[in-house]
Structures are given as C-alpha cells and as structure tokens.
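Structure below is run-v5.cif: mmCIF, C-alpha atoms and all ligand atoms.
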data_target
loop_
_atom_site.label_atom_id
_atom_site.label_comp_id
_atom_site.auth_asym_id
_atom_site.auth_seq_id
_atom_site.Cartn_x
_atom_site.Cartn_y
_atom_site.Cartn_z
CA MET A 4 18.41 -1.17 -21.10
CA ASP A 5 17.00 -4.58 -22.06
CA VAL A 6 16.68 -6.03 -18.59
CA LEU A 7 16.34 -4.17 -15.31
CA LYS A 8 18.67 -5.80 -12.77
CA VAL A 9 17.04 -5.60 -9.35
CA GLY A 10 18.33 -5.96 -5.80
CA VAL A 11 15.71 -6.99 -3.23
CA ILE A 12 16.18 -5.88 0.40
CA GLY A 13 14.11 -7.94 2.87
CA CYS A 14 13.31 -11.55 1.89
CA GLY A 15 10.28 -12.20 4.11
CA ALA A 16 6.74 -13.02 2.99
CA ILE A 17 6.09 -10.30 0.41
CA GLY A 18 9.80 -10.03 -0.44
CA ARG A 19 9.83 -13.60 -1.71
CA GLU A 20 6.58 -13.05 -3.62
CA HIS A 21 8.10 -10.01 -5.34
CA ILE A 22 11.34 -11.91 -6.11
CA LYS A 23 9.29 -14.59 -7.92
CA ARG A 24 7.33 -11.91 -9.78
CA LEU A 25 10.36 -9.87 -10.81
CA HIS A 26 12.47 -12.85 -11.84
CA ASN A 27 10.02 -15.33 -13.35
CA LYS A 28 6.64 -13.81 -14.05
CA LEU A 29 6.98 -10.22 -15.25
CA GLN A 30 8.68 -8.94 -18.41
CA GLY A 31 12.01 -7.09 -18.48
CA SER A 32 13.55 -7.67 -15.08
CA ARG A 33 15.58 -10.16 -13.12
CA VAL A 34 16.76 -10.32 -9.55
CA VAL A 35 20.57 -10.25 -9.34
CA ALA A 36 21.07 -9.69 -5.59
CA VAL A 37 19.21 -10.03 -2.30
CA MET A 38 19.83 -8.80 1.23
CA ASP A 39 18.29 -9.69 4.59
CA VAL A 40 19.52 -9.28 8.17
CA PHE A 41 18.49 -12.89 8.75
CA PRO A 42 20.93 -15.07 6.67
CA GLU A 43 18.46 -17.93 6.25
CA SER A 44 15.85 -15.54 4.82
CA ALA A 45 18.41 -14.11 2.39
CA GLN A 46 19.32 -17.63 1.29
CA ARG A 47 15.65 -18.52 0.80
CA GLY A 48 15.24 -15.41 -1.35
CA ALA A 49 18.34 -16.24 -3.41
CA ASP A 50 17.21 -19.85 -3.86
CA LEU A 51 14.17 -18.59 -5.75
CA VAL A 52 16.49 -17.11 -8.35
CA GLY A 53 19.42 -19.48 -8.79
CA SER A 54 23.08 -19.84 -7.95
CA ASP A 55 24.24 -16.61 -9.62
CA CYS A 56 22.17 -14.42 -7.27
CA LYS A 57 24.44 -12.44 -4.92
CA ILE A 58 23.63 -12.44 -1.22
CA TYR A 59 24.39 -9.41 0.95
CA ASP A 60 24.13 -8.93 4.70
CA ASN A 61 24.38 -5.13 4.55
CA ILE A 62 22.50 -2.35 2.79
CA GLU A 63 25.52 -0.39 1.52
CA GLY A 64 26.80 -3.47 -0.28
CA ILE A 65 23.66 -4.26 -2.27
CA VAL A 66 22.77 -0.64 -3.02
CA ASN A 67 26.23 0.20 -4.34
CA ASP A 68 26.70 -3.03 -6.33
CA SER A 69 27.35 -1.81 -9.89
CA ASP A 70 25.37 -4.79 -11.20
CA VAL A 71 22.20 -3.58 -9.44
CA ASP A 72 20.20 -1.03 -11.47
CA ALA A 73 17.30 -0.57 -9.03
CA LEU A 74 16.17 -1.62 -5.55
CA VAL A 75 13.00 -3.16 -4.12
CA VAL A 76 12.56 -2.68 -0.36
CA THR A 77 10.42 -5.29 1.43
CA THR A 78 11.74 -5.09 4.97
CA PRO A 79 9.26 -4.35 7.78
CA GLY A 80 8.13 -0.70 7.76
CA PHE A 81 10.51 0.41 10.52
CA ALA A 82 13.44 -0.65 8.32
CA HIS A 83 12.41 1.11 5.07
CA LYS A 84 14.09 4.47 5.59
CA GLU A 85 17.73 3.35 5.65
CA PRO A 86 17.74 1.50 2.29
CA ILE A 87 15.61 4.18 0.62
CA MET A 88 18.01 6.92 1.74
CA ALA A 89 20.96 4.81 0.58
CA ALA A 90 19.34 4.31 -2.83
CA ILE A 91 18.69 8.05 -3.20
CA LYS A 92 22.32 8.76 -2.27
CA ALA A 93 23.46 6.26 -4.92
CA GLY A 94 21.06 7.82 -7.48
CA LYS A 95 19.24 4.51 -7.98
CA PRO A 96 15.47 4.01 -8.44
CA VAL A 97 13.80 2.37 -5.46
CA PHE A 98 10.40 0.75 -5.04
CA SER A 99 9.43 0.48 -1.36
CA GLU A 100 6.55 -1.49 0.04
CA LYS A 101 4.18 0.65 2.10
CA PRO A 102 4.58 2.50 4.41
CA LEU A 103 7.29 4.79 3.03
CA ALA A 104 8.54 5.07 6.64
CA THR A 105 6.82 4.77 10.00
CA THR A 106 6.88 8.45 11.04
CA ALA A 107 5.95 11.60 9.15
CA ALA A 108 9.35 13.10 10.11
CA ASP A 109 11.20 10.17 8.48
CA CYS A 110 9.00 10.42 5.37
CA LYS A 111 9.78 14.15 5.15
CA GLU A 112 13.52 13.38 5.33
CA ILE A 113 13.13 11.02 2.38
CA VAL A 114 11.13 13.65 0.44
CA ASP A 115 13.77 16.32 1.18
CA ALA A 116 16.63 14.01 0.16
CA GLU A 117 14.90 13.09 -3.10
CA MET A 118 14.17 16.73 -3.95
CA ALA A 119 17.76 17.72 -3.08
CA GLY A 120 18.98 15.06 -5.53
CA GLY A 121 16.81 16.70 -8.21
CA LYS A 122 15.45 13.42 -9.64
CA LYS A 123 12.39 11.35 -8.80
CA LEU A 124 13.60 7.91 -7.72
CA VAL A 125 11.14 6.66 -5.09
CA GLN A 126 7.86 4.77 -5.62
CA VAL A 127 5.68 3.49 -2.76
CA GLY A 128 3.77 0.18 -2.91
CA PHE A 129 0.22 1.45 -2.62
CA MET A 130 -1.08 -1.33 -4.86
CA ARG A 131 -4.79 -0.45 -4.68
CA ARG A 132 -4.08 2.11 -7.40
CA TYR A 133 -3.30 -0.83 -9.72
CA ASP A 134 -6.45 -2.81 -8.98
CA LYS A 135 -8.71 -3.12 -12.03
CA GLY A 136 -11.85 -2.19 -10.09
CA TYR A 137 -10.36 0.87 -8.38
CA ARG A 138 -8.93 2.02 -11.72
CA GLN A 139 -12.42 1.83 -13.24
CA VAL A 140 -13.82 3.91 -10.37
CA LYS A 141 -11.05 6.47 -10.98
CA GLU A 142 -11.86 6.61 -14.71
CA LEU A 143 -15.56 7.16 -13.98
CA LEU A 144 -14.80 9.93 -11.47
CA ASP A 145 -12.29 11.64 -13.77
CA GLY A 146 -14.67 11.28 -16.73
CA GLY A 147 -16.85 13.95 -15.12
CA THR A 148 -20.27 12.46 -15.95
CA PHE A 149 -20.95 11.65 -12.29
CA GLY A 150 -20.45 15.28 -11.28
CA LYS A 151 -18.86 16.30 -8.04
CA PRO A 152 -18.12 13.53 -5.53
CA LEU A 153 -19.89 14.31 -2.25
CA LEU A 154 -18.94 11.49 0.09
CA ALA A 155 -17.55 7.98 0.08
CA LYS A 156 -18.23 4.95 2.27
CA CYS A 157 -15.61 2.22 2.56
CA THR A 158 -15.21 -1.00 4.49
CA HIS A 159 -11.94 -2.80 5.22
CA ARG A 160 -12.72 -6.07 6.98
CA ALA A 161 -10.45 -9.03 7.69
CA ILE A 162 -11.22 -12.41 9.27
CA SER A 163 -8.81 -12.07 12.21
CA VAL A 164 -5.46 -10.64 13.22
CA ASP A 165 -2.68 -12.11 15.32
CA PRO A 166 -1.97 -11.02 18.92
CA SER A 167 0.85 -8.67 17.86
CA TYR A 168 -1.70 -6.42 16.06
CA THR A 169 -2.28 -3.30 18.18
CA THR A 170 -5.04 -0.68 18.10
CA ASP A 171 -2.89 1.87 16.22
CA MET A 172 -2.19 -0.72 13.50
CA ALA A 173 -5.84 -0.38 12.44
CA VAL A 174 -4.55 2.93 11.07
CA THR A 175 -0.91 2.31 10.19
CA ASP A 176 -1.29 -1.18 8.69
CA THR A 177 -4.91 -1.38 7.59
CA ALA A 178 -6.51 2.02 6.93
CA ILE A 179 -3.24 3.21 5.34
CA HIS A 180 -4.50 1.67 2.07
CA GLU A 181 -7.71 3.74 2.09
CA ILE A 182 -5.81 6.86 3.25
CA ASP A 183 -3.80 6.73 0.02
CA CYS A 184 -6.40 5.21 -2.27
CA MET A 185 -9.16 7.70 -1.46
CA HIS A 186 -6.70 10.63 -1.70
CA TRP A 187 -5.82 9.36 -5.19
CA LEU A 188 -9.41 8.57 -6.26
CA LEU A 189 -10.80 11.92 -5.14
CA ASP A 190 -7.64 13.81 -6.12
CA ASP A 191 -7.66 15.75 -2.87
CA ASP A 192 -5.79 16.12 0.41
CA TRP A 193 -7.12 15.50 3.92
CA THR A 194 -7.63 18.40 6.33
CA GLN A 195 -9.26 16.67 9.32
CA VAL A 196 -9.63 13.09 10.56
CA GLN A 197 -11.39 11.36 13.42
CA VAL A 198 -11.71 7.87 14.88
CA ILE A 199 -14.84 6.67 16.65
CA MET A 200 -14.59 3.30 18.38
CA GLY A 201 -17.34 0.76 17.80
CA ALA A 202 -18.59 -1.63 20.46
CA ASP A 203 -15.73 -4.14 20.94
CA THR A 204 -16.14 -7.56 19.36
CA LYS A 205 -15.51 -10.56 21.60
CA HIS A 206 -13.31 -11.98 18.80
CA ALA A 207 -10.62 -9.31 19.30
CA HIS A 208 -7.73 -10.15 21.61
CA GLU A 209 -7.47 -8.27 24.88
CA GLY A 210 -6.62 -4.60 24.55
CA LEU A 211 -7.46 -4.33 20.83
CA LYS A 212 -10.20 -1.86 19.90
CA ASP A 213 -12.12 -3.42 17.00
CA PRO A 214 -14.09 -2.28 14.99
CA GLN A 215 -13.20 1.37 14.43
CA ILE A 216 -14.93 4.03 12.32
CA MET A 217 -12.63 6.56 10.65
CA ILE A 218 -13.82 9.85 9.20
CA PHE A 219 -11.84 11.94 6.73
CA LYS A 220 -12.59 15.51 5.62
CA SER A 221 -10.87 16.80 2.50
CA LYS A 222 -9.79 20.25 1.31
CA LYS A 223 -12.53 20.32 -1.35
CA GLY A 224 -15.10 19.36 1.30
CA TYR A 225 -15.53 15.62 0.61
CA THR A 226 -16.19 13.24 3.49
CA VAL A 227 -14.99 9.62 3.61
CA ILE A 228 -16.33 7.20 6.19
CA LEU A 229 -14.28 4.03 6.65
CA GLU A 230 -15.11 0.98 8.74
CA VAL A 231 -12.04 -1.00 9.82
CA TYR A 232 -13.07 -4.35 11.29
CA VAL A 233 -10.22 -6.84 11.47
CA ASN A 234 -11.89 -9.66 13.44
CA SER A 235 -15.00 -9.94 11.28
CA ASN A 236 -14.78 -13.74 11.51
CA PHE A 237 -16.24 -14.16 8.02
CA GLY A 238 -13.89 -12.87 5.33
CA TYR A 239 -11.68 -10.27 3.71
CA ASP A 240 -14.27 -7.75 2.62
CA ILE A 241 -13.19 -4.57 0.84
CA ASN A 242 -15.90 -2.23 -0.44
CA CYS A 243 -15.99 1.32 -1.70
CA GLU A 244 -18.94 3.48 -2.71
CA VAL A 245 -18.59 7.06 -3.94
CA VAL A 246 -21.75 9.17 -3.80
CA CYS A 247 -21.68 11.90 -6.45
CA GLU A 248 -24.07 14.69 -7.49
CA GLU A 249 -25.22 12.77 -10.61
CA GLY A 250 -25.07 9.16 -9.40
CA VAL A 251 -23.36 6.58 -7.22
CA ILE A 252 -20.29 4.48 -8.08
CA ASN A 253 -20.08 1.23 -6.14
CA LEU A 254 -17.09 -1.12 -6.11
CA PRO A 255 -18.17 -4.43 -4.60
CA ALA A 256 -16.03 -7.48 -3.95
CA PRO A 257 -14.98 -9.28 -7.20
CA ALA A 258 -17.64 -11.69 -8.47
CA TYR A 259 -17.71 -15.44 -7.69
CA PRO A 260 -20.31 -17.91 -8.92
CA THR A 261 -23.58 -17.81 -7.03
CA VAL A 262 -24.85 -21.30 -6.15
CA ARG A 263 -28.33 -22.54 -5.28
CA LYS A 264 -28.25 -25.39 -2.79
CA ASN A 265 -30.01 -26.50 0.41
CA GLN A 266 -32.77 -23.92 0.02
CA MET A 267 -30.20 -21.14 -0.18
CA ILE A 268 -28.51 -18.89 -2.72
CA SER A 269 -24.91 -18.30 -1.69
CA THR A 270 -21.66 -16.77 -2.95
CA PRO A 271 -18.18 -17.40 -1.52
CA ILE A 272 -16.43 -14.47 0.08
CA GLU A 273 -12.71 -13.64 -0.26
CA GLN A 274 -10.62 -14.94 2.64
CA ASP A 275 -7.41 -12.89 2.41
CA TRP A 276 -5.70 -9.92 0.79
CA ILE A 277 -3.34 -12.07 -1.27
CA ASN A 278 -6.13 -13.40 -3.47
CA ARG A 279 -8.06 -10.14 -3.58
CA PHE A 280 -5.13 -8.05 -4.80
CA ILE A 281 -2.82 -10.60 -6.48
CA ASP A 282 -3.29 -9.11 -9.95
CA SER A 283 -2.64 -5.58 -8.75
CA TYR A 284 0.84 -6.54 -7.48
CA ASP A 285 1.69 -7.83 -10.96
CA VAL A 286 0.42 -4.69 -12.69
CA GLU A 287 2.12 -2.46 -10.11
CA LEU A 288 5.57 -4.01 -10.52
CA GLN A 289 5.30 -4.42 -14.32
CA GLU A 290 4.55 -0.70 -14.65
CA TRP A 291 7.40 0.09 -12.24
CA ILE A 292 9.83 -1.98 -14.35
CA ASP A 293 8.69 -0.32 -17.60
CA ASP A 294 8.81 3.20 -16.10
CA THR A 295 12.17 2.63 -14.43
CA LYS A 296 13.70 1.49 -17.71
CA LYS A 297 12.51 4.77 -19.25
CA GLY A 298 13.96 6.73 -16.31
CA GLU A 299 10.49 7.69 -15.05
CA VAL A 300 8.54 7.36 -11.79
CA ASN A 301 4.80 7.49 -12.43
CA GLY A 302 3.42 5.55 -9.44
CA PRO A 303 2.69 6.70 -5.88
CA SER A 304 5.51 9.08 -4.92
CA ALA A 305 7.48 9.76 -1.75
CA TRP A 306 5.15 12.76 -1.31
CA ASP A 307 2.14 10.39 -1.33
CA GLY A 308 3.95 8.33 1.30
CA TYR A 309 4.45 11.49 3.37
CA ILE A 310 0.75 12.47 3.04
CA ALA A 311 -0.25 9.00 4.24
CA ALA A 312 2.08 9.22 7.25
CA VAL A 313 0.83 12.67 8.30
CA THR A 314 -2.79 11.50 7.95
CA ALA A 315 -2.06 8.34 9.93
CA ASP A 316 -0.56 10.45 12.73
CA GLY A 317 -3.81 12.45 12.91
CA LEU A 318 -5.92 9.29 13.08
CA VAL A 319 -3.75 7.71 15.75
CA ALA A 320 -4.01 10.92 17.82
CA SER A 321 -7.79 10.80 17.42
CA GLN A 322 -7.90 7.18 18.65
CA THR A 323 -7.00 8.63 22.04
CA SER A 324 -8.56 12.11 21.91
CA GLY A 325 -11.79 10.96 20.24
CA VAL A 326 -12.12 14.34 18.50
CA MET A 327 -11.46 15.61 14.96
CA GLU A 328 -7.72 16.16 14.52
CA ASP A 329 -6.26 18.61 12.00
CA VAL A 330 -4.07 17.22 9.25
CA SER A 331 -1.62 19.59 7.64
CA VAL A 332 0.54 18.36 4.77
CA GLY A 333 1.15 21.76 3.19
CA GLU A 334 1.20 22.52 -0.54
CA THR A 335 2.42 19.79 -2.89
CA PRO A 336 5.96 20.81 -3.94
CA GLU A 337 6.36 21.59 -7.66
CA PHE A 338 8.78 18.60 -7.85
CA TYR A 339 5.86 16.20 -7.16
CA ARG A 340 3.14 17.81 -9.29
P1 LIG B 1 8.19 -10.09 6.94
O1 LIG B 1 7.64 -11.42 6.48
O2 LIG B 1 8.49 -9.86 8.37
O3 LIG B 1 9.54 -9.88 6.08
C1 LIG B 1 10.47 -8.85 6.33
C2 LIG B 1 11.88 -9.41 6.14
O4 LIG B 1 12.83 -8.35 6.26
C3 LIG B 1 12.24 -10.47 7.18
O5 LIG B 1 12.98 -11.51 6.58
C4 LIG B 1 13.10 -9.66 8.15
O6 LIG B 1 14.03 -10.45 8.86
C5 LIG B 1 13.83 -8.74 7.19
N1 LIG B 1 14.39 -7.58 7.85
C6 LIG B 1 14.05 -7.02 9.04
N2 LIG B 1 14.80 -5.91 9.27
C7 LIG B 1 15.63 -5.79 8.20
C8 LIG B 1 16.66 -4.87 7.85
N3 LIG B 1 16.98 -3.85 8.65
N4 LIG B 1 17.33 -5.06 6.68
C9 LIG B 1 17.02 -6.09 5.88
N5 LIG B 1 16.06 -7.02 6.16
C10 LIG B 1 15.37 -6.86 7.31
O7 LIG B 1 7.27 -8.89 6.48
P2 LIG B 1 6.26 -8.83 5.20
O8 LIG B 1 4.92 -9.31 5.61
O9 LIG B 1 6.92 -9.44 4.02
O10 LIG B 1 6.12 -7.26 5.02
C11 LIG B 1 7.22 -6.48 4.50
C12 LIG B 1 6.71 -5.09 4.08
O11 LIG B 1 5.73 -5.25 3.07
C13 LIG B 1 6.03 -4.30 5.21
O12 LIG B 1 6.36 -2.93 5.07
C14 LIG B 1 4.56 -4.50 4.96
O13 LIG B 1 3.76 -3.41 5.40
C15 LIG B 1 4.54 -4.59 3.44
N6 LIG B 1 3.40 -5.36 2.94
C16 LIG B 1 2.60 -4.75 2.03
C17 LIG B 1 1.49 -5.39 1.56
C18 LIG B 1 0.60 -4.71 0.56
O14 LIG B 1 -0.55 -5.07 0.47
N7 LIG B 1 1.11 -3.77 -0.20
C19 LIG B 1 1.17 -6.69 1.98
C20 LIG B 1 2.03 -7.32 2.91
C21 LIG B 1 3.16 -6.64 3.37
P3 LIG B 1 13.59 -10.96 10.33
O15 LIG B 1 12.52 -11.97 10.13
O16 LIG B 1 14.86 -11.51 10.90
O17 LIG B 1 13.11 -9.73 11.08
#
Transcribe the structure of this file into structure tokens.
Amino acid sequence: MDVLKVGVIGCGAIGREHIKRLHNKLQGSRVVAVMDVFPESAQRGADLVGSDCKIYDNIEGIVNDSDVDALVVTTPGFAHKEPIMAAIKAGKPVFSEKPLATTAADCKEIVDAEMAGGKKLVQVGFMRRYDKGYRQVKELLDGGTFGKPLLAKCTHRAISVDPSYTTDMAVTDTAIHEIDCMHWLLDDDWTQVQVIMGADTKHAHEGLKDPQIMIFKSKKGYTVILEVYVNSNFGYDINCEVVCEEGVINLPAPAYPTVRKNQMISTPIEQDWINRFIDSYDVELQEWIDDTKKGEVNGPSAWDGYIAAVTADGLVASQTSGVMEDVSVGETPEFYR
C-alpha cells in the first residue's frame, strides 16, 4: 500500500488539526472522507482537503466505504465507542483520540470485541509517549543504570479552564495523560489511587475543586504523586521527576532563551498544550501511518485505554471518599502482551 486512505470522524478542533497533518504534513497518507454530526463542521474538515473528499453524516457510511483503509476518531470522548466498534466490525484499523471511551465497561467491550476479532486494530491517542523528552526518560529508565525507580513527582498545570470543566475532569481530561504515561514509563500497573484536595484557589469557578493532589501506588511498589492545578494563572507547566535508587531523572519544561533585563533574569513559560506537544502529535500519527501500512499496531492499545479508564474510576471515587481506592485491572491478556 503506497498511501493510507483515511476517514476522519469528528471534525472539531483536534479533528481538523489531524486532517491537516494526515493530508498535508505527514508522509504516506491522505484524507479521503470525513464525518461529523454537525454538517458545517464536516464541510470545514473536507475543505481542508479539497473537492474530492467525501462527506458523511453517519458512521456506518464512512467506516464501510471501500475507499477508506483506516479511521481516525476525533469526536468528543462520549462518542468514541460507536465508531471504534464499527471499525472493529469492519476489520479496519482505527486510531482514537483519548479517552478510548468514557467508562471502564465501554472500554472493556471494545477490548473484548477486538480480541474476538483476533487482530489488533485499535490505537489510543496518548501522545505523551511520543514526546521527545518523555521518550528519553523511558530510555534512561529501561537502560537500567538508574536502578529501580522508587517514586515519581509530576505536575500538570494549566492557566485556566472554562466553566464547563468539572471536578471529575481533573481526572478524566487532565490526569488521564499521567495515568497512561507513568504506567508506560514505569512499566507497571496501578493497584491503589487517592485524591487529596488542596486549598481552593480563588481563580477556580464556583464548585470546581482546584488544585488536587493524586497519589498512585503500583504493583511493584512505586508511588507517583501528581499535582493537577488547572487555574494556575501563569502557564502550561508539565514536569516529571523520577527518583531512582542510583539517581534522579528530571524532565523539565522545554528550554526557551533566558533573558537579562530590568534587573531580572527571566524565561518564558509555555502557555498551552498545543505548543508543548505539537511535535509529539506529528510523531504519533506518522508512526501510526507507517505501522498501519505494515498491518501492525505498536502504539498505546485498547488495553492501555481500559487501564486508564479503570484507574480514572478509582480516582473519581476517591475525590468523594477521600481515601485510597483499590484499582483492579486484572492480568494483561496474552493478546496485548
Ligand atoms: P470538539 O472541538 O468538540 O470536536 C468534536 C467534533 O465531533 C465536533 O465537531 C462535534 O460536533 C463532533 N461530534 C460530536 N458527536 C459526534 C458524533 N457522535 N459523531 C461524529 N461527530 C461528532 O472536541 P476536540 O477538542 O477536538 O476533542 C476531540 C477529542 O480529542 C476528545 O476525545 C478529546 O479528549 C481529544 N483531545 C485530545 C488531546 C490530546 O492531547 N491528545 C487534545 C485535545 C483533544 P458538535 O460540535 O456538533 O458536537
């Protein structure tokens, strides 16, 4: 296959970014069809490609179009399951933005359907795994010279969130990245999680608990402490430090020039996730294109999506209970090892 012909389902913010990437920027793919429940959004998506792009208003149509080799799902999370299940049924590879689905039960249905089909088809958009810095941390950890990881400390700060952002979204929208990324970095599963609320900032809208501290315990005994603070008022600030037996690995924010002016030394700070992770989206989708053309899925799997959903459920329960909640994902099926 010279060119992977892709159908994109959901032409909102990230959908349109991915259409541009797949059609114009990356190697070996083009977008041949789009679908959105909102006709104007679908048209806007198609306009990025050109007049020969087909426009669908239903999932069955785009998934079963014989011209479409693979699907990219960029609808809101609650609308991921239906197109993913349709793609599995049609035997077509599907890349879905995170989360895989919004409940652990729905994620499990996807996992079961994929296993029943006997072929890995699903990849989840956990793009931190494609970030250059995180990949270097992974290489150092896997290299073994730092010894056993003991604990990790992470921060996930944003400038502000809009009024539709609710307390549970600190887990399901924000911490979901660390849930997957730290599971991948440490190569371990979570057994217990807890949320401790910080003192509320006056910058949060009414009813939103912000900041929140999240604690993860893993099977091998590692502890991860994550600060989620989405009304920091100063920047998009992602940090990760892994404390190991033989040293410490620290991943700071990417470097900007430091300037000396007005009796001060200062460095700009990232303002949003688009800039911070723009390169990782390119790497993520280029690898997905290359793997898909070879008939392989090597990125975050449906099982990883299921692990994230089960862990998120535990954290959301702890937001109310305040205590450590057990997380039980069970053994990784042979199919996903
Ligand atoms: P968005 O701007 O709301 O776009 C979603 C689009 O899908 C909208 O055009 C929406 O139409 C459409 N849609 C809704 N239900 C649909 C359905 N059943 N079938 C087809 N289309 C449907 O959302 P977004 O910010 O692009 O986010 C999309 C997904 O990407 C989310 O899962 C989000 O978590 C994920 N995301 C991931 C990252 C990352 O860092 N990896 C970053 C941003 C977003 P209406 O407007 O009419 O509802």
Quiz item: If we count only C-alpha atoms, what is near range 198-209 of chain A at a cut-off of 10 Å, once residues fewer than 5 positions away on the same chain are taken out, given as a PyMOL selection string?
Solution: chain A and resi 162-169+174+214-219+228-236+317-328
Quiz item: In Å, with one decimal, what is the gap from CA of Ile91 in chain A to CA of Asp55 in chain A?
Solution: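 The value is 26.1 Å.
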Quiz item: Rounded to one decimal in Å, what is the spacing between CA of Val52 in chain A and CA of Gly94 in chain A?
Solution: 25.4 Å
Practice problem: Name all residues at most 12 Å from Pro303 in chain A (count all atoms listed in the file; drop same-chain ones fewer than 2 positions away) and give them as a PyMOL selection string. | Solution: chain A and resi 97-103+123-133+180+183-184+186-187+287+290-291+300-301+305-311+339-340
Centre and size of axis-aligned box enclosing range 259-272 of chain A plus 6 Å each side, as JSON:
{"center_x": -24.6, "center_y": -20.5, "center_z": -4.3, "size_x": 28.3, "size_y": 24.0, "size_z": 21.3}
Quiz item: Which one of A:Lys23, A:Lys223, A:Lys296, A:His83 sits closest to ligand LIG 1 (chain B) if you count all atoms listed in the file?
Solution: A:His83
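What separates CA of Asp60 in chain A from CA of Thr105 in chain A is a distance of 22.7 Å.
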Find the nearest atom pair between each residue of chain A and ligand LIG 1 (chain B) for residues within 9 Å, count all atoms listed in the file, give distances in Å to one decimal, sort rows by chain and ascending number, and present the table as a tab-separated table.
residue	atom	partner	partner_atom	distance
A:Ile12	CA	B:LIG1	C9	5.5
A:Gly13	CA	B:LIG1	O4	3.6
A:Cys14	CA	B:LIG1	O5	4.7
A:Gly15	CA	B:LIG1	O3	3.1
A:Ala16	CA	B:LIG1	O9	3.7
A:Ile17	CA	B:LIG1	O9	3.8
A:Gly18	CA	B:LIG1	O9	5.3
A:Arg19	CA	B:LIG1	O9	7.7
A:Glu20	CA	B:LIG1	O9	8.5
A:Met38	CA	B:LIG1	C9	6.1
A:Asp39	CA	B:LIG1	N5	3.8
A:Val40	CA	B:LIG1	N5	4.6
A:Phe41	CA	B:LIG1	O16	4.4
A:Pro42	CA	B:LIG1	O16	8.2
A:Glu43	CA	B:LIG1	O5	8.4
A:Ser44	CA	B:LIG1	O5	5.3
A:Ala45	CA	B:LIG1	O5	7.3
A:Asp60	CA	B:LIG1	C9	7.7
A:Asn61	CA	B:LIG1	N4	7.4
A:Ile62	CA	B:LIG1	N4	7.0
A:Val76	CA	B:LIG1	C12	7.7
A:Thr77	CA	B:LIG1	C12	4.6
A:Thr78	CA	B:LIG1	O4	3.7
A:Pro79	CA	B:LIG1	C13	4.1
A:Gly80	CA	B:LIG1	O12	3.9
A:Phe81	CA	B:LIG1	O12	7.6
A:Ala82	CA	B:LIG1	N3	4.8
A:His83	CA	B:LIG1	O12	7.3
A:Glu85	CA	B:LIG1	N3	7.8
A:Pro86	CA	B:LIG1	N4	7.9
A:Ser99	CA	B:LIG1	O12	7.9
A:Glu100	CA	B:LIG1	O11	4.9
A:Lys101	CA	B:LIG1	O12	5.1
A:Pro102	CA	B:LIG1	O12	5.8
A:Leu103	CA	B:LIG1	O12	8.0
A:Ala104	CA	B:LIG1	O12	8.4
A:Val127	CA	B:LIG1	N7	9.0
A:Gly128	CA	B:LIG1	N7	5.5
A:Phe129	CA	B:LIG1	N7	5.8
A:Met130	CA	B:LIG1	N7	5.7
A:Arg131	CA	B:LIG1	O14	8.1
A:Thr175	CA	B:LIG1	O13	8.8
A:Asp176	CA	B:LIG1	O13	6.4
A:His180	CA	B:LIG1	O14	8.0
A:Trp276	CA	B:LIG1	O14	7.1
A:Ile277	CA	B:LIG1	O14	7.7
A:Phe280	CA	B:LIG1	O14	7.6
A:Tyr284	CA	B:LIG1	N7	7.8
Quiz item: Counting only C-alpha atoms, which of A:Gly302, A:Leu189, A:Gly120, A:Gln195 gets nearest to Val286 in chain A?
Solution: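 Under the stated criterion, the closest residue is A:Gly302.
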Practice problem: Place a sphere of radius 12 Å on (-15.6, 3.4, -10.9) in the file coordinates and name every protein, DNA or RNA residue with an atom inside or on its surface, counting only C-alpha atoms; give the answer as an MDAnalysis selection string. | Solution: chainID A and resid 134:149 152 188:189 242:247 250:255
Please produce a file of those selected residues containing C-alpha atoms, as a PDB file, in the coordinates of the input.
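Okay, selection-v5.pdb is ready:
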ATOM      1  CA  ASP A 134      -6.450  -2.810  -8.980  1.00  0.00           C
ATOM      2  CA  LYS A 135      -8.710  -3.120 -12.030  1.00  0.00           C
ATOM      3  CA  GLY A 136     -11.850  -2.190 -10.090  1.00  0.00           C
ATOM      4  CA  TYR A 137     -10.360   0.870  -8.380  1.00  0.00           C
ATOM      5  CA  ARG A 138      -8.930   2.020 -11.720  1.00  0.00           C
ATOM      6  CA  GLN A 139     -12.420   1.830 -13.240  1.00  0.00           C
ATOM      7  CA  VAL A 140     -13.820   3.910 -10.370  1.00  0.00           C
ATOM      8  CA  LYS A 141     -11.050   6.470 -10.980  1.00  0.00           C
ATOM      9  CA  GLU A 142     -11.860   6.610 -14.710  1.00  0.00           C
ATOM     10  CA  LEU A 143     -15.560   7.160 -13.980  1.00  0.00           C
ATOM     11  CA  LEU A 144     -14.800   9.930 -11.470  1.00  0.00           C
ATOM     12  CA  ASP A 145     -12.290  11.640 -13.770  1.00  0.00           C
ATOM     13  CA  GLY A 146     -14.670  11.280 -16.730  1.00  0.00           C
ATOM     14  CA  GLY A 147     -16.850  13.950 -15.120  1.00  0.00           C
ATOM     15  CA  THR A 148     -20.270  12.460 -15.950  1.00  0.00           C
ATOM     16  CA  PHE A 149     -20.950  11.650 -12.290  1.00  0.00           C
ATOM     17  CA  PRO A 152     -18.120  13.530  -5.530  1.00  0.00           C
ATOM     18  CA  LEU A 188      -9.410   8.570  -6.260  1.00  0.00           C
ATOM     19  CA  LEU A 189     -10.800  11.920  -5.140  1.00  0.00           C
ATOM     20  CA  ASN A 242     -15.900  -2.230  -0.440  1.00  0.00           C
ATOM     21  CA  CYS A 243     -15.990   1.320  -1.700  1.00  0.00           C
ATOM     22  CA  GLU A 244     -18.940   3.480  -2.710  1.00  0.00           C
ATOM     23  CA  VAL A 245     -18.590   7.060  -3.940  1.00  0.00           C
ATOM     24  CA  VAL A 246     -21.750   9.170  -3.800  1.00  0.00           C
ATOM     25  CA  CYS A 247     -21.680  11.900  -6.450  1.00  0.00           C
ATOM     26  CA  GLY A 250     -25.070   9.160  -9.400  1.00  0.00           C
ATOM     27  CA  VAL A 251     -23.360   6.580  -7.220  1.00  0.00           C
ATOM     28  CA  ILE A 252     -20.290   4.480  -8.080  1.00  0.00           C
ATOM     29  CA  ASN A 253     -20.080   1.230  -6.140  1.00  0.00           C
ATOM     30  CA  LEU A 254     -17.090  -1.120  -6.110  1.00  0.00           C
ATOM     31  CA  PRO A 255     -18.170  -4.430  -4.600  1.00  0.00           C
TER      32      PRO A 255
END
